[in-house]
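Peer 1: Supplied structure: protein_8.txt, compact mmCIF, C-alpha atoms.
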# COMPACT_ATOMS: atom_id res chain seq x y z
CA MET A 1 0.00 0.00 0.00
CA ASN A 2 1.50 3.33 -0.97
CA VAL A 3 1.58 6.42 1.22
CA GLU A 4 -1.50 7.95 -0.37
CA ASP A 5 -3.60 4.84 0.20
CA SER A 6 -2.23 4.42 3.73
CA TYR A 7 -2.97 8.02 4.62
CA ARG A 8 -6.51 7.97 3.30
CA ARG A 9 -7.28 4.65 4.90
CA TYR A 10 -5.78 5.02 8.34
CA PHE A 11 -5.17 8.65 9.15
CA PRO A 12 -8.86 9.52 9.82
CA LEU A 13 -9.08 7.04 12.67
CA VAL A 14 -5.73 8.19 14.06
CA ARG A 15 -6.97 11.77 14.01
CA GLU A 16 -10.23 10.81 15.71
CA ARG A 17 -8.49 8.87 18.44
CA CYS A 18 -6.14 11.74 19.21
CA ARG A 19 -9.09 14.09 19.36
CA ARG A 20 -10.79 11.70 21.72
CA LEU A 21 -7.78 11.69 24.02
CA LEU A 22 -6.63 15.30 23.72
CA GLY A 23 -9.56 17.32 22.48
CA ASP A 24 -10.05 19.16 19.25
CA GLY A 25 -6.94 21.31 19.29
CA PRO A 26 -3.49 21.64 17.78
CA THR A 27 -1.96 19.21 20.24
CA ALA A 28 -4.19 16.42 19.04
CA ALA A 29 -3.29 17.26 15.46
CA ASP A 30 0.42 17.18 16.31
CA VAL A 31 0.19 13.81 18.04
CA ALA A 32 -1.87 12.38 15.19
CA GLN A 33 0.76 13.52 12.73
CA GLU A 34 3.60 12.09 14.79
CA THR A 35 1.76 8.79 15.13
CA PHE A 36 1.26 8.55 11.41
CA VAL A 37 4.84 9.52 10.60
CA ARG A 38 6.01 6.67 12.80
CA PHE A 39 3.54 4.35 11.13
CA LEU A 40 4.89 5.22 7.71
CA GLN A 41 8.40 4.52 8.90
CA THR A 42 7.53 1.17 10.49
CA ARG A 43 6.67 -2.09 8.81
CA VAL A 44 3.41 -2.97 10.53
CA THR A 45 1.91 -6.36 9.78
CA GLY A 46 -1.38 -8.06 10.52
CA GLY A 47 -3.75 -6.37 8.09
CA ASP A 48 -6.31 -3.83 9.30
CA ASP A 49 -6.55 -5.43 12.74
CA GLY A 50 -2.80 -5.36 13.26
CA VAL A 51 -2.51 -1.81 11.99
CA VAL A 52 -5.31 -0.52 14.19
CA ARG A 53 -3.85 -2.17 17.27
CA TRP A 54 -0.44 -0.67 16.44
CA LEU A 55 -1.94 2.79 15.90
CA TYR A 56 -3.78 2.62 19.23
CA ARG A 57 -0.59 1.68 21.06
CA CYS A 58 1.57 4.26 19.32
CA SER A 59 -0.90 7.12 19.67
CA GLY A 60 -1.47 6.16 23.31
CA ASN A 61 2.24 6.28 24.07
CA LEU A 62 2.63 9.65 22.38
CA VAL A 63 -0.38 11.06 24.24
CA ILE A 64 1.06 9.87 27.53
CA ASP A 65 4.43 11.41 26.67
CA HIS A 66 2.67 14.65 25.91
CA LEU A 67 0.70 14.62 29.14
CA ARG A 68 3.88 14.04 31.11
CA ARG A 69 5.53 17.03 29.52
CA ARG A 70 2.68 19.35 30.31
CA ARG A 71 3.39 21.61 33.20
CA THR A 72 -0.18 22.31 34.13
CA THR A 73 -3.04 20.03 34.94
CA VAL A 74 -5.12 19.02 31.99
CA ALA A 75 -8.51 20.61 32.00
CA VAL A 76 -11.50 18.37 32.41
CA ASP A 77 -12.85 19.23 29.01
CA ASP A 78 -9.60 18.31 27.31
CA LEU A 79 -10.63 14.71 27.37
CA ALA A 80 -13.60 13.67 25.37
CA PRO A 81 -14.37 10.11 26.40
CA SER A 82 -16.27 7.91 24.07
CA PRO A 83 -20.03 7.70 24.59
CA THR A 84 -19.46 3.98 24.67
CA SER A 85 -17.49 4.18 27.91
CA SER A 86 -19.38 2.36 30.64
CA HIS A 87 -17.20 3.49 33.49
CA ALA A 88 -18.61 6.92 34.01
CA GLU A 89 -17.33 7.47 37.53
CA THR A 90 -13.77 6.45 36.87
CA ALA A 91 -13.87 8.19 33.53
CA ALA A 92 -14.75 11.41 35.34
CA LEU A 93 -11.75 10.93 37.61
CA VAL A 94 -9.57 10.29 34.60
CA ARG A 95 -10.71 13.52 33.04
CA SER A 96 -9.92 15.38 36.24
CA PHE A 97 -6.51 13.91 36.92
CA VAL A 98 -5.20 12.58 33.67
CA GLY A 99 -2.12 14.78 33.71
CA ARG A 100 -1.17 13.73 37.24
CA LEU A 101 -1.91 10.09 36.46
CA ALA A 102 0.32 10.18 33.41
CA LYS A 103 3.17 11.52 35.52
CA ASP A 104 2.66 9.03 38.34
CA LEU A 105 1.84 5.78 36.58
CA PRO A 106 3.82 3.49 34.26
CA SER A 107 2.98 3.81 30.59
CA GLU A 108 1.33 0.40 30.32
CA VAL A 109 -0.98 1.20 33.22
CA MET A 110 -1.92 4.51 31.61
CA GLN A 111 -2.46 2.79 28.27
CA ALA A 112 -4.89 0.36 29.88
CA GLY A 113 -6.67 3.15 31.72
CA LEU A 114 -7.12 5.25 28.59
CA LEU A 115 -8.31 2.30 26.51
CA ILE A 116 -10.90 1.26 29.08
CA HIS A 117 -12.03 4.55 30.59
CA VAL A 118 -11.68 6.95 27.69
CA ASP A 119 -11.99 4.77 24.59
CA GLY A 120 -14.51 2.49 26.25
CA LEU A 121 -12.87 -0.76 25.18
CA THR A 122 -13.66 -4.00 26.94
CA GLN A 123 -10.93 -5.64 28.97
CA LEU A 124 -10.61 -8.31 26.32
CA GLU A 125 -10.19 -5.71 23.57
CA ALA A 126 -7.63 -3.81 25.64
CA ALA A 127 -5.74 -7.05 26.19
CA VAL A 128 -5.66 -7.69 22.45
CA VAL A 129 -4.51 -4.16 21.68
CA LEU A 130 -1.78 -4.26 24.31
CA ASP A 131 -0.89 -7.88 23.53
CA VAL A 132 -1.20 -9.03 27.13
CA THR A 133 -3.63 -11.26 29.02
CA GLU A 134 -6.92 -10.02 30.43
CA ARG A 135 -5.56 -10.77 33.87
CA THR A 136 -2.71 -8.36 33.27
CA VAL A 137 -5.16 -5.72 32.08
CA ARG A 138 -7.24 -6.18 35.25
CA ARG A 139 -4.13 -5.79 37.37
CA TRP A 140 -3.18 -2.59 35.58
CA LEU A 141 -6.71 -1.28 35.90
CA ASP A 142 -6.62 -1.90 39.64
CA SER A 143 -3.47 0.22 39.86
CA PHE A 144 -5.03 2.86 37.68
CA GLY A 145 -8.24 2.98 39.71
CA GLN A 146 -6.36 3.18 42.98
CA ALA A 147 -4.21 6.03 41.74
CA ALA A 148 -7.22 7.95 40.44
CA ALA A 149 -9.11 7.41 43.69
CA ALA A 150 -6.12 8.56 45.74
CA LEU A 151 -5.86 11.75 43.72
CA ASP A 152 -9.58 12.30 44.12
CA GLU A 153 -9.35 11.79 47.86
CA GLY A 154 -6.41 14.15 48.11
CA ALA A 155 -8.28 16.82 46.20
CA LYS A 156 -11.21 16.86 48.58
CA PRO A 157 -11.25 19.69 51.09
CA MET B 1 -34.34 -1.17 25.51
CA THR B 2 -31.38 0.42 23.74
CA ALA B 3 -28.66 -1.88 22.52
CA PRO B 4 -25.29 -1.26 24.18
CA HIS B 5 -22.84 0.77 22.19
CA PRO B 6 -20.00 -1.13 20.53
CA SER B 7 -16.53 -0.06 21.53
CA VAL B 8 -14.66 2.52 19.52
CA LEU B 9 -12.26 -0.22 18.49
CA ALA B 10 -15.15 -2.13 16.95
CA LEU B 11 -16.36 1.05 15.29
CA ASP B 12 -12.89 1.83 13.93
CA LEU B 13 -12.60 -1.65 12.46
CA ALA B 14 -16.09 -1.35 11.01
CA ALA B 15 -15.03 1.90 9.39
CA LEU B 16 -12.24 0.02 7.62
CA LYS B 17 -13.81 -3.34 6.91
CA GLY B 18 -17.53 -2.64 7.00
CA PRO B 19 -19.91 -3.49 9.83
CA ASP B 20 -21.29 -6.95 10.45
CA ALA B 21 -25.05 -7.44 10.56
CA THR B 22 -25.39 -6.76 14.28
CA LEU B 23 -23.35 -3.60 14.14
CA GLN B 24 -25.16 -2.48 11.01
CA ARG B 25 -28.47 -2.67 12.85
CA HIS B 26 -27.02 -0.65 15.71
CA LEU B 27 -25.66 2.00 13.38
CA GLU B 28 -29.05 2.44 11.79
CA THR B 29 -30.48 3.58 15.11
CA CYS B 30 -27.50 5.25 16.80
CA ALA B 31 -26.45 8.64 15.50
CA SER B 32 -23.34 8.97 17.69
CA CYS B 33 -21.87 5.63 16.60
CA ARG B 34 -22.78 6.36 13.00
CA ALA B 35 -20.96 9.68 13.26
CA HIS B 36 -17.91 7.92 14.70
CA VAL B 37 -17.77 5.44 11.84
CA THR B 38 -18.15 8.25 9.32
CA ALA B 39 -15.34 10.27 10.87
CA ALA B 40 -13.00 7.28 11.04
CA SER B 41 -13.76 5.96 7.57
CA PRO B 42 -11.20 6.18 4.77
CA SER B 43 -11.22 9.56 3.11
CA THR B 44 -10.35 11.01 -0.25
CA GLU B 45 -8.65 14.07 1.19
CA PRO B 46 -5.35 15.22 -0.31
CA VAL B 47 -2.25 13.72 1.22
CA PRO B 48 -0.22 16.42 2.97
CA THR B 49 3.42 17.02 2.21
CA TRP B 50 4.57 15.85 5.62
CA ALA B 51 3.14 12.39 5.00
CA GLN B 52 4.75 12.09 1.61
CA THR B 53 8.04 13.20 3.06
CA ALA B 54 7.88 10.91 6.04
CA ALA B 55 7.30 7.89 3.86
CA GLY B 56 10.72 8.24 2.35
CA SER B 57 12.76 9.43 5.25
CA ARG B 58 14.15 8.38 8.55
CA TRP B 59 13.90 11.35 10.81
CA ARG B 60 15.36 9.55 13.75
CA LEU B 61 18.71 8.98 12.15
CA ARG B 62 21.24 11.23 13.76
CA LEU B 63 24.95 11.15 13.35
CA PRO B 64 27.18 12.77 15.93
CA TRP B 65 29.23 14.63 13.40
CA LEU B 66 26.11 16.08 11.92
CA SER B 67 25.18 17.64 15.22
CA ALA B 68 28.65 19.03 15.51
CA ALA B 69 28.40 20.36 12.03
CA ALA B 70 25.45 22.28 13.24
CA ALA B 71 23.71 21.92 10.09
CA VAL B 72 20.38 22.78 9.90
CA VAL B 73 16.90 23.11 10.02
CA ALA B 74 14.27 21.38 11.98
CA SER B 75 10.62 21.49 11.36
CA LEU B 76 10.73 23.61 8.37
CA VAL B 77 10.52 22.34 5.00
CA PHE B 78 11.54 24.60 2.32
CA PHE B 79 11.58 24.38 -1.31
CA VAL B 80 14.21 26.10 -3.32
CA THR B 81 13.94 26.32 -7.02
CA LEU B 82 17.15 27.05 -8.68
CA ARG B 83 17.76 30.00 -10.91
CA GLN B 84 17.79 29.68 -14.64
CA PRO B 85 20.87 27.86 -15.85
CA GLU B 86 23.59 29.38 -17.88
CA GLU B 87 23.56 26.32 -20.11
CA THR B 88 20.16 24.93 -20.96
CA THR B 89 20.98 21.69 -22.68
CA ARG B 90 19.37 19.40 -20.17
CA SER B 91 16.20 17.62 -21.10
CA LYS B 92 14.83 16.84 -17.65
CA GLY B 93 14.38 20.30 -16.25
CA HIS B 94 16.56 21.85 -13.59
CA PRO B 95 17.59 20.40 -10.27
CA SER B 96 15.59 21.50 -7.29
CA PHE B 97 15.96 21.10 -3.58
CA ALA B 98 13.33 20.80 -0.87
CA LEU B 99 14.27 21.29 2.75
CA TYR B 100 12.05 19.75 5.38
CA ILE B 101 12.15 20.90 8.95
CA GLU B 102 11.10 18.82 11.89
CA ARG B 103 10.29 20.88 14.95
CA GLY B 104 8.77 18.99 17.84
CA HIS B 105 6.17 16.73 16.31
CA LYS B 106 5.66 18.79 13.18
CA VAL B 107 7.36 18.53 9.86
CA HIS B 108 7.00 21.20 7.25
CA LEU B 109 8.59 22.52 4.13
CA TRP B 110 10.87 25.49 4.62
CA ASP B 111 9.49 28.61 3.04
CA GLY B 112 12.91 29.96 2.15
CA ARG B 113 12.72 32.82 4.66
CA SER B 114 11.68 31.74 8.14
CA PRO B 115 14.44 31.32 10.71
CA VAL B 116 15.19 27.94 12.15
CA HIS B 117 15.43 27.13 15.83
CA THR B 118 18.02 25.30 17.86
CA ASP B 119 17.40 21.54 17.75
CA ASP B 120 15.33 21.79 14.62
CA ARG B 121 16.15 18.85 12.40
CA LEU B 122 16.57 19.32 8.70
CA GLN B 123 16.31 16.93 5.85
CA LEU B 124 16.94 17.50 2.21
CA LYS B 125 15.14 16.09 -0.77
CA VAL B 126 16.77 16.62 -4.13
CA ALA B 127 15.36 16.25 -7.61
CA ALA B 128 18.62 15.80 -9.49
CA ALA B 129 17.26 16.25 -13.02
CA GLY B 130 19.72 13.85 -14.59
CA PHE B 131 22.67 14.34 -12.23
CA SER B 132 23.69 11.26 -10.30
CA TYR B 133 25.95 12.41 -7.46
CA LEU B 134 25.55 14.99 -4.72
CA VAL B 135 27.94 16.63 -2.32
CA VAL B 136 26.45 18.74 0.46
CA GLY B 137 28.73 21.24 2.10
CA LEU B 138 28.55 23.40 5.21
CA ASP B 139 30.25 26.77 5.17
CA THR B 140 32.42 27.06 8.27
CA PRO B 141 35.05 29.58 9.37
CA GLN B 142 37.64 27.05 8.20
CA GLY B 143 36.08 26.74 4.75
CA TRP B 144 33.54 24.46 3.13
CA ARG B 145 33.16 21.18 4.91
CA SER B 146 31.43 18.17 3.36
CA VAL B 147 28.55 16.87 5.47
CA TYR B 148 27.17 14.43 2.94
CA GLU B 149 28.12 12.87 -0.36
CA GLY B 150 26.59 10.05 -2.30
CA GLU B 151 24.65 8.90 -5.29
CA VAL B 152 21.19 10.25 -5.98
CA ASP B 153 18.49 9.03 -8.29
CA PRO B 154 18.86 11.01 -11.53
CA ASN B 155 15.21 10.46 -12.41
CA ALA B 156 13.29 10.85 -9.15
CA ALA B 157 13.26 13.02 -6.07
CA THR B 158 15.61 11.53 -3.50
CA PRO B 159 15.32 12.20 0.24
CA LEU B 160 18.76 12.06 1.79
CA PRO B 161 19.10 9.42 4.49
CA ASN B 162 20.61 11.87 6.95
CA SER B 163 19.06 14.68 8.87
CA TRP B 164 20.89 17.53 10.53
CA ARG B 165 20.26 19.18 13.84
CA VAL B 166 20.53 22.92 14.17
CA ASP B 167 23.17 23.70 16.73
CA GLU B 168 22.83 26.54 19.20
CA LYS B 169 26.33 27.76 18.36
CA ASP B 170 25.57 28.76 14.82
CA PRO B 171 23.60 31.92 14.10
CA VAL B 172 23.61 31.14 10.37
CA VAL B 173 23.68 27.82 8.58
CA HIS B 174 24.98 28.13 5.04
CA LEU B 175 24.59 24.96 2.99
CA GLY B 176 25.88 24.36 -0.51
CA PHE B 177 24.92 21.62 -2.95
CA LEU B 178 27.08 20.37 -5.78
CA LEU B 179 25.51 17.97 -8.27
CA CYS B 180 27.60 16.12 -10.81
CA HIS B 181 27.93 12.86 -12.73
CA GLY B 182 30.00 10.17 -11.16
CA ALA B 183 31.82 10.98 -7.96
CA CYS B 184 32.78 14.59 -7.62
CA LYS B 185 35.00 15.40 -4.70
CA PRO B 186 34.23 17.36 -1.55
CA ALA B 187 37.38 19.32 -2.34
CA GLU B 188 35.47 20.81 -5.25
CA LEU B 189 33.12 22.62 -2.88
CA GLU B 190 35.43 25.60 -2.41
CA ALA B 191 35.75 26.27 -6.11
CA ALA B 192 32.10 25.55 -6.81
CA ALA B 193 31.00 28.05 -4.18
CA VAL B 194 32.97 30.72 -6.03
CA GLU B 195 32.30 29.72 -9.61
CA ARG B 196 28.69 28.64 -9.04
CA PRO B 197 28.56 26.31 -12.05
CA ARG B 198 25.24 25.72 -13.76
CA THR B 199 26.28 23.45 -16.62
CA SER B 200 25.44 19.98 -17.82
CA GLN B 201 28.46 18.66 -15.88
CA ARG B 202 28.24 20.55 -12.62
CA TRP B 203 25.37 22.25 -10.84
CA TRP B 204 25.65 24.40 -7.75
CA SER B 205 23.10 25.88 -5.42
CA ASP B 206 23.15 27.10 -1.86
CA PHE B 207 21.04 28.71 0.78
CA SER B 208 21.44 30.34 4.14
CA LEU B 209 19.29 29.67 7.16
CA GLN B 210 19.13 32.17 9.97
CA ARG B 211 18.79 30.73 13.45
CA SER B 212 16.52 32.62 15.82
CA ASP B 213 15.23 30.93 18.94
CA PRO B 214 11.88 31.96 20.38
What is this structure when it is put down as structure tokens?

Peer 2:
Amino acid sequence: MNVEDSYRRYFPLVRERCRRLLGDGPTAADVAQETFVRFLQTRVTGGDDGVVRWLYRCSGNLVIDHLRRRRTTVAVDDLAPSPTSSHAETAALVRSFVGRLAKDLPSEVMQAGLLIHVDGLTQLEAAVVLDVTERTVRRWLDSFGQAAAALDEGAKP
Amino acid sequence: MTAPHPSVLALDLAALKGPDATLQRHLETCASCRAHVTAASPSTEPVPTWAQTAAGSRWRLRLPWLSAAAAVVASLVFFVTLRQPEETTRSKGHPSFALYIERGHKVHLWDGRSPVHTDDRLQLKVAAAGFSYLVVGLDTPQGWRSVYEGEVDPNAATPLPNSWRVDEKDPVVHLGFLLCHGACKPAELEAAAVERPRTSQRWWSDFSLQRSDP
């Protein structure tokens, strides 16, 4: 597949995912571009399924890197969780503390948290995307939930 | 009772491969999921320059000596069309050079005027118009110094495999390009910078980049 076909086929979903994670601003556009540049420079296999999983992982890592570099707390509205997310309470905590969480938690734990609480993936889907077992995803989600709850508790007057 | 929403992963895959029957029924009744699939579906939009450039380049390649050479230009991509030649016997048009600048996560074509910033990374793409060998030189206080030499495709635009980082020590980056047939020598840079050949055997061009940090 040449670059034109690749761009037209895959870039829209990359752009949408970055918007979902970072809002509809220039930062999301930058991260989407960086994700796609890396995709073009990497030999990704596995057809559409393999490419989508790779794009989710790569864009997630770049978003986390970005959040860690930010000096200020991310505003609540910066995150636009999927309407399919079924974890409303934790998702609200994620929106409130995503910048702090990104700084405090390992990347894989943040990846799992974003996939479940912002993208609204099932644990099985997150396990497939991250190429780990569901048990590992559950363990990471426990860490993620505990960290979010601790930040929430600390923020209360 | 409303059917549960599929995950965005399922919607993204449906955008690429088409929905199965169950998902199709859901999409017919769910505007938000339908909008997601539409937004994530393959488009016919024009492919931007940065994507075309990235496909043929390796931005991450850095060589220590290149940093020391302070070459050039990060996130700007510029396109320099050479002046009319003194000898117009070539049949494939005139050589041209495009400079791409990577700054942070963005890559763009240099506009020929904007200053570059420290740590910008620069990459050159050359359309050699029949020439087969390129020497890239950096103008230093000690004279012209070769920072790249090698074969180029005479018939297609060739992105160089190297990129250069703009060093904080250099207020101006002056690059020269000597195209020839066969292997011309870096030692020819000095003379070429003075004589500025534009013939069927040798072709010279250069440009200066001002560094100005925000």

Peer 1: Which residue gives the smallest distance to chain B among A:Val14, A:Ala127, A:Ile64, A:Leu55, with only C-alpha atoms counted?

Peer 2: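 Looking at the shortest contact to chain B, the residue is A:Val14.
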
Peer 1: When you draw a straight line from CA of Tyr56 in chain A to CA of Gln123 in chain B, how long is it in Å?

Peer 2: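 Straight-line distance from CA of Tyr56 in chain A to CA of Gln123 in chain B works out to 28.1 Å.
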
Peer 1: If I put a ball of radius 6 Å at (-2.3, 12.6, 29.9) in the file's coordinates, which residues poke into it when counting all atoms listed in the file, written as a short mmCIF file (atom, residue, chain, number, x, y, z; two decimals) with C-alpha atoms, in the coordinates of the input?

Peer 2:
data_model
loop_
_atom_site.label_atom_id
_atom_site.label_comp_id
_atom_site.auth_asym_id
_atom_site.auth_seq_id
_atom_site.Cartn_x
_atom_site.Cartn_y
_atom_site.Cartn_z
CA ILE A 64 1.06 9.87 27.53
CA LEU A 67 0.70 14.62 29.14
CA VAL A 98 -5.20 12.58 33.67
CA GLY A 99 -2.12 14.78 33.71
CA ALA A 102 0.32 10.18 33.41
#

Peer 1: For a cut-off of 7 Å around (18.1, 17.2, -11.8), file coordinates, pick out all residues using all atoms listed in the file and list them as a list in words.

Peer 2: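 Final list of nearby residues, as requested, is Lys92, Gly93, His94, Pro95, Ser96, Ala127, Ala128, Ala129, Gly130, Phe131 and Pro154 of chain B.
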
Peer 1: Keeping C-alpha atoms, export the residues of the selection given above as a PDB file, in the coordinates of the input.

Peer 2:
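As a result, selection-v5.pdb now contains:
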ATOM      1  CA  LYS B  92      14.830  16.840 -17.650  1.00  0.00           C
ATOM      2  CA  GLY B  93      14.380  20.300 -16.250  1.00  0.00           C
ATOM      3  CA  HIS B  94      16.560  21.850 -13.590  1.00  0.00           C
ATOM      4  CA  PRO B  95      17.590  20.400 -10.270  1.00  0.00           C
ATOM      5  CA  SER B  96      15.590  21.500  -7.290  1.00  0.00           C
ATOM      6  CA  ALA B 127      15.360  16.250  -7.610  1.00  0.00           C
ATOM      7  CA  ALA B 128      18.620  15.800  -9.490  1.00  0.00           C
ATOM      8  CA  ALA B 129      17.260  16.250 -13.020  1.00  0.00           C
ATOM      9  CA  GLY B 130      19.720  13.850 -14.590  1.00  0.00           C
ATOM     10  CA  PHE B 131      22.670  14.340 -12.230  1.00  0.00           C
ATOM     11  CA  PRO B 154      18.860  11.010 -11.530  1.00  0.00           C
TER      12      PRO B 154
END

Peer 1: Kindly provide, as a PyMOL selection string, the residues of chain B having any atom no farther than 8 Å from an atom of chain A, counting all atoms listed in the file.

Peer 2: chain B and resi 4-9+12-13+16-17+32+39-45+47+51-52+54-58+105-106

Peer 1: Please measure the separation of CA of Leu189 in chain B and CA of Tyr148 in chain B, giving the value in Å to one decimal.

Peer 2: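 For CA of Leu189 in chain B relative to CA of Tyr148 in chain B, the distance reads 11.7 Å.
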
Peer 1: Take CA of Ala98 in chain B and CA of Arg43 in chain A and report the distance between them in Å, one decimal.

Peer 2: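 CA of Ala98 in chain B sits 25.7 Å away from CA of Arg43 in chain A.
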
Peer 1: With distances taken over only C-alpha atoms, which residue among B:Trp204, B:Tyr133, B:Trp144, B:Phe97 lies nearest Cys180 in chain B?

Peer 2: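 That would be B:Tyr133, the residue with the smallest distance to Cys180 in chain B.
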
Peer 1: Which residues are close to range 139-141 of chain B, i.e. within 8 Å by only C-alpha atoms, leaving aside same-chain residues fewer than 3 positions away? Reply as an MDAnalysis selection string.

Peer 2: chainID B and resid 144:145 173:176

Peer 1: Which residues, written as a PyMOL selection string, have at least one atom at most 12 Å from Pro106 in chain A, with all atoms listed in the file counted and residues fewer than 6 positions away on the same chain left out?

Peer 2: chain A and resi 61+64-65+68+100+112-113+140-141+143-144+147

Peer 1: Can I get a file of range 133-195 of chain B from the given structure, C-alpha atoms kept, as a PDB file, in the first residue's frame?

Peer 2:
ATOM      1  CA  TYR B 133      25.950  12.410  -7.463  1.00  0.00           C
ATOM      2  CA  LEU B 134      25.554  14.991  -4.724  1.00  0.00           C
ATOM      3  CA  VAL B 135      27.942  16.631  -2.318  1.00  0.00           C
ATOM      4  CA  VAL B 136      26.447  18.737   0.463  1.00  0.00           C
ATOM      5  CA  GLY B 137      28.734  21.242   2.103  1.00  0.00           C
ATOM      6  CA  LEU B 138      28.547  23.398   5.208  1.00  0.00           C
ATOM      7  CA  ASP B 139      30.249  26.768   5.170  1.00  0.00           C
ATOM      8  CA  THR B 140      32.423  27.059   8.270  1.00  0.00           C
ATOM      9  CA  PRO B 141      35.053  29.578   9.367  1.00  0.00           C
ATOM     10  CA  GLN B 142      37.639  27.049   8.205  1.00  0.00           C
ATOM     11  CA  GLY B 143      36.080  26.738   4.748  1.00  0.00           C
ATOM     12  CA  TRP B 144      33.540  24.457   3.126  1.00  0.00           C
ATOM     13  CA  ARG B 145      33.162  21.176   4.905  1.00  0.00           C
ATOM     14  CA  SER B 146      31.432  18.167   3.362  1.00  0.00           C
ATOM     15  CA  VAL B 147      28.547  16.872   5.469  1.00  0.00           C
ATOM     16  CA  TYR B 148      27.167  14.433   2.937  1.00  0.00           C
ATOM     17  CA  GLU B 149      28.117  12.870  -0.360  1.00  0.00           C
ATOM     18  CA  GLY B 150      26.592  10.047  -2.296  1.00  0.00           C
ATOM     19  CA  GLU B 151      24.647   8.905  -5.292  1.00  0.00           C
ATOM     20  CA  VAL B 152      21.188  10.250  -5.977  1.00  0.00           C
ATOM     21  CA  ASP B 153      18.491   9.030  -8.290  1.00  0.00           C
ATOM     22  CA  PRO B 154      18.855  11.013 -11.527  1.00  0.00           C
ATOM     23  CA  ASN B 155      15.211  10.464 -12.406  1.00  0.00           C
ATOM     24  CA  ALA B 156      13.286  10.850  -9.151  1.00  0.00           C
ATOM     25  CA  ALA B 157      13.265  13.022  -6.070  1.00  0.00           C
ATOM     26  CA  THR B 158      15.609  11.527  -3.497  1.00  0.00           C
ATOM     27  CA  PRO B 159      15.324  12.205   0.241  1.00  0.00           C
ATOM     28  CA  LEU B 160      18.764  12.061   1.789  1.00  0.00           C
ATOM     29  CA  PRO B 161      19.096   9.416   4.493  1.00  0.00           C
ATOM     30  CA  ASN B 162      20.607  11.867   6.951  1.00  0.00           C
ATOM     31  CA  SER B 163      19.057  14.685   8.873  1.00  0.00           C
ATOM     32  CA  TRP B 164      20.894  17.529  10.533  1.00  0.00           C
ATOM     33  CA  ARG B 165      20.260  19.184  13.836  1.00  0.00           C
ATOM     34  CA  VAL B 166      20.531  22.921  14.165  1.00  0.00           C
ATOM     35  CA  ASP B 167      23.174  23.700  16.732  1.00  0.00           C
ATOM     36  CA  GLU B 168      22.833  26.536  19.203  1.00  0.00           C
ATOM     37  CA  LYS B 169      26.328  27.758  18.360  1.00  0.00           C
ATOM     38  CA  ASP B 170      25.571  28.758  14.818  1.00  0.00           C
ATOM     39  CA  PRO B 171      23.601  31.918  14.103  1.00  0.00           C
ATOM     40  CA  VAL B 172      23.613  31.135  10.373  1.00  0.00           C
ATOM     41  CA  VAL B 173      23.684  27.822   8.576  1.00  0.00           C
ATOM     42  CA  HIS B 174      24.979  28.131   5.039  1.00  0.00           C
ATOM     43  CA  LEU B 175      24.592  24.962   2.992  1.00  0.00           C
ATOM     44  CA  GLY B 176      25.884  24.360  -0.509  1.00  0.00           C
ATOM     45  CA  PHE B 177      24.915  21.623  -2.951  1.00  0.00           C
ATOM     46  CA  LEU B 178      27.075  20.367  -5.775  1.00  0.00           C
ATOM     47  CA  LEU B 179      25.515  17.972  -8.266  1.00  0.00           C
ATOM     48  CA  CYS B 180      27.597  16.119 -10.811  1.00  0.00           C
ATOM     49  CA  HIS B 181      27.933  12.863 -12.732  1.00  0.00           C
ATOM     50  CA  GLY B 182      30.004  10.169 -11.157  1.00  0.00           C
ATOM     51  CA  ALA B 183      31.815  10.979  -7.956  1.00  0.00           C
ATOM     52  CA  CYS B 184      32.776  14.593  -7.618  1.00  0.00           C
ATOM     53  CA  LYS B 185      35.001  15.395  -4.695  1.00  0.00           C
ATOM     54  CA  PRO B 186      34.229  17.359  -1.550  1.00  0.00           C
ATOM     55  CA  ALA B 187      37.378  19.323  -2.343  1.00  0.00           C
ATOM     56  CA  GLU B 188      35.466  20.810  -5.253  1.00  0.00           C
ATOM     57  CA  LEU B 189      33.124  22.618  -2.885  1.00  0.00           C
ATOM     58  CA  GLU B 190      35.433  25.596  -2.408  1.00  0.00           C
ATOM     59  CA  ALA B 191      35.751  26.266  -6.106  1.00  0.00           C
ATOM     60  CA  ALA B 192      32.104  25.546  -6.814  1.00  0.00           C
ATOM     61  CA  ALA B 193      30.998  28.052  -4.182  1.00  0.00           C
ATOM     62  CA  VAL B 194      32.967  30.716  -6.029  1.00  0.00           C
ATOM     63  CA  GLU B 195      32.299  29.721  -9.614  1.00  0.00           C
TER      64      GLU B 195
END
